[in-house]
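Notes to accompany the following structure.
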Amino acid sequence: MTFDEALAHFKTGKSIADALGVSSGRVSQCRAAGGFSYPMQCVLEKESEGALVARREDEPVTATGTAA
């Protein structure tokens with residue numbers, strides 16, 4: 001899932017943070033990085049009861065070529 005898909009579902013960054021059990025600042029870092037790691041996407045998929053779907057191809061890639 002993309003960040004925008006998650007935001008459309010959960011409506012606010014705070015709601016995403018609550019679903020993930022992280023701070024709003026961490027959600028902002030994910031947005032700046034280009035999205036959520038695959039494990040974070042999996043949590044959001046579960047919290048959205050399947051409305052969102054985790055996809056490895058939507059995982060952001062760092063400068064070293066590994067996932068964030």
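The way I read the labels, and the way they are meant: chains A, B, ... in the order of the structure tokens, residue 1 as the first residue of every chain, and ligand 1 as the first ligand shown, with later ones counted on from there.
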| Do you know which residues are at most 10 Å from A:Val43 counting only C-alpha atoms, after dropping those on the same chain fewer than 6 positions away, and could you put them as a list of chain:residue names? |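 Here the qualifying residues turn out to be A:Ala19, A:Leu20, A:Gly21, A:Glu49, A:Leu52, A:Val53, A:Ala54.
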Take the residues from that selection and write them out as an mmCIF file, in the first residue's frame, keeping C-alpha atoms.
```
data_model
loop_
_atom_site.group_PDB
_atom_site.id
_atom_site.type_symbol
_atom_site.label_atom_id
_atom_site.label_comp_id
_atom_site.auth_asym_id
_atom_site.auth_seq_id
_atom_site.Cartn_x
_atom_site.Cartn_y
_atom_site.Cartn_z
ATOM 1 C CA ALA A 19 -2.955 1.664 14.380
ATOM 2 C CA LEU A 20 0.792 1.041 14.170
ATOM 3 C CA GLY A 21 1.495 1.789 17.829
ATOM 4 C CA GLU A 49 -9.480 -5.574 8.239
ATOM 5 C CA LEU A 52 -5.623 -2.081 2.641
ATOM 6 C CA VAL A 53 -3.250 -4.627 1.112
ATOM 7 C CA ALA A 54 0.457 -4.895 1.945
#
```
| Neighbour list for A:Asp4 as a PyMOL selection string, cut-off 12 Å, only C-alpha atoms, skip fewer than 6 positions in-chain | chain A and resi 10-13+16+27+30-31+34-36+52+58
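Note that the spacing between atom CA of A:Met1 and atom CA of A:Gln41 amounts to 6.7 Å.
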| query | Where in chain A does DSSP assign helix (DSSP H, G or I), given as a VMD selection string? | reply | chain A and resid 3 to 10 13 to 20 24 to 33 38 to 47 56 to 58
Save out the residues we just selected, N, CA and C atoms, as a compact mmCIF listing (two decimals), in the first residue's frame.
```txt
# COMPACT_ATOMS: atom_id res chain seq x y z
N PHE A 3 1.49 5.32 0.94
CA PHE A 3 1.16 6.18 2.08
C PHE A 3 -0.21 6.82 1.86
N ASP A 4 -0.46 7.29 0.64
CA ASP A 4 -1.73 7.95 0.35
C ASP A 4 -2.92 7.01 0.50
N GLU A 5 -2.75 5.74 0.16
CA GLU A 5 -3.83 4.77 0.36
C GLU A 5 -4.13 4.61 1.85
N ALA A 6 -3.08 4.51 2.65
CA ALA A 6 -3.26 4.38 4.10
C ALA A 6 -3.93 5.63 4.66
N LEU A 7 -3.50 6.78 4.20
CA LEU A 7 -4.07 8.04 4.68
C LEU A 7 -5.54 8.17 4.28
N ALA A 8 -5.88 7.74 3.08
CA ALA A 8 -7.28 7.79 2.64
C ALA A 8 -8.16 6.91 3.52
N HIS A 9 -7.62 5.76 3.94
CA HIS A 9 -8.40 4.86 4.78
C HIS A 9 -8.50 5.35 6.22
N PHE A 10 -7.36 5.69 6.81
CA PHE A 10 -7.33 6.05 8.22
C PHE A 10 -7.66 7.53 8.48
N GLY A 13 -2.83 11.17 10.01
CA GLY A 13 -1.56 10.57 10.41
C GLY A 13 -1.63 10.02 11.82
N LYS A 14 -2.36 10.70 12.69
CA LYS A 14 -2.50 10.24 14.07
C LYS A 14 -3.21 8.89 14.12
N SER A 15 -4.23 8.70 13.30
CA SER A 15 -4.94 7.43 13.25
C SER A 15 -4.02 6.31 12.75
N ILE A 16 -3.18 6.63 11.77
CA ILE A 16 -2.20 5.66 11.29
C ILE A 16 -1.23 5.31 12.41
N ALA A 17 -0.75 6.33 13.11
CA ALA A 17 0.18 6.13 14.22
C ALA A 17 -0.44 5.24 15.29
N ASP A 18 -1.70 5.50 15.62
CA ASP A 18 -2.39 4.69 16.63
C ASP A 18 -2.51 3.24 16.18
N ALA A 19 -2.83 3.02 14.91
CA ALA A 19 -2.96 1.66 14.38
C ALA A 19 -1.62 0.92 14.43
N LEU A 20 -0.54 1.65 14.17
CA LEU A 20 0.79 1.04 14.17
C LEU A 20 1.41 0.96 15.56
N SER A 24 3.31 9.95 15.99
CA SER A 24 2.96 10.68 14.76
C SER A 24 4.22 11.10 14.01
N GLY A 25 5.29 11.37 14.76
CA GLY A 25 6.57 11.71 14.14
C GLY A 25 7.12 10.59 13.29
N ARG A 26 6.94 9.36 13.77
CA ARG A 26 7.42 8.19 13.00
C ARG A 26 6.63 8.06 11.70
N VAL A 27 5.33 8.34 11.76
CA VAL A 27 4.51 8.30 10.55
C VAL A 27 4.99 9.37 9.56
N SER A 28 5.34 10.54 10.07
CA SER A 28 5.88 11.60 9.21
C SER A 28 7.19 11.16 8.56
N GLN A 29 8.03 10.45 9.31
CA GLN A 29 9.28 9.93 8.75
C GLN A 29 8.98 8.95 7.62
N CYS A 30 7.98 8.12 7.81
CA CYS A 30 7.60 7.15 6.77
C CYS A 30 7.14 7.88 5.51
N ARG A 31 6.37 8.93 5.70
CA ARG A 31 5.90 9.71 4.55
C ARG A 31 7.09 10.29 3.80
N ALA A 32 8.04 10.87 4.52
CA ALA A 32 9.22 11.46 3.90
C ALA A 32 10.07 10.41 3.20
N ALA A 33 10.09 9.20 3.73
CA ALA A 33 10.88 8.12 3.15
C ALA A 33 10.22 7.51 1.92
N TYR A 38 7.41 -3.09 4.68
CA TYR A 38 6.47 -4.19 4.48
C TYR A 38 5.84 -4.65 5.81
N PRO A 39 6.64 -4.82 6.89
CA PRO A 39 6.02 -5.22 8.16
C PRO A 39 4.99 -4.19 8.66
N MET A 40 5.27 -2.91 8.48
CA MET A 40 4.31 -1.89 8.89
C MET A 40 3.05 -1.98 8.02
N GLN A 41 3.22 -2.23 6.75
CA GLN A 41 2.08 -2.39 5.86
C GLN A 41 1.21 -3.56 6.31
N CYS A 42 1.87 -4.64 6.75
CA CYS A 42 1.12 -5.82 7.21
C CYS A 42 0.26 -5.48 8.42
N VAL A 43 0.80 -4.68 9.34
CA VAL A 43 0.03 -4.25 10.51
C VAL A 43 -1.17 -3.41 10.05
N LEU A 44 -0.93 -2.50 9.14
CA LEU A 44 -2.02 -1.65 8.64
C LEU A 44 -3.08 -2.47 7.90
N GLU A 45 -2.64 -3.50 7.17
CA GLU A 45 -3.59 -4.38 6.49
C GLU A 45 -4.50 -5.06 7.51
N LYS A 46 -3.89 -5.57 8.57
CA LYS A 46 -4.67 -6.23 9.61
C LYS A 46 -5.60 -5.25 10.31
N GLU A 47 -5.07 -4.07 10.66
CA GLU A 47 -5.88 -3.06 11.36
C GLU A 47 -7.02 -2.53 10.50
N ARG A 56 4.96 -5.65 -1.25
CA ARG A 56 6.41 -5.41 -1.16
C ARG A 56 6.88 -4.37 -2.15
N GLU A 57 6.25 -4.27 -3.30
CA GLU A 57 6.69 -3.30 -4.31
C GLU A 57 6.42 -1.86 -3.88
N ASP A 58 5.59 -1.65 -2.87
CA ASP A 58 5.35 -0.30 -2.35
C ASP A 58 6.27 0.07 -1.21
```
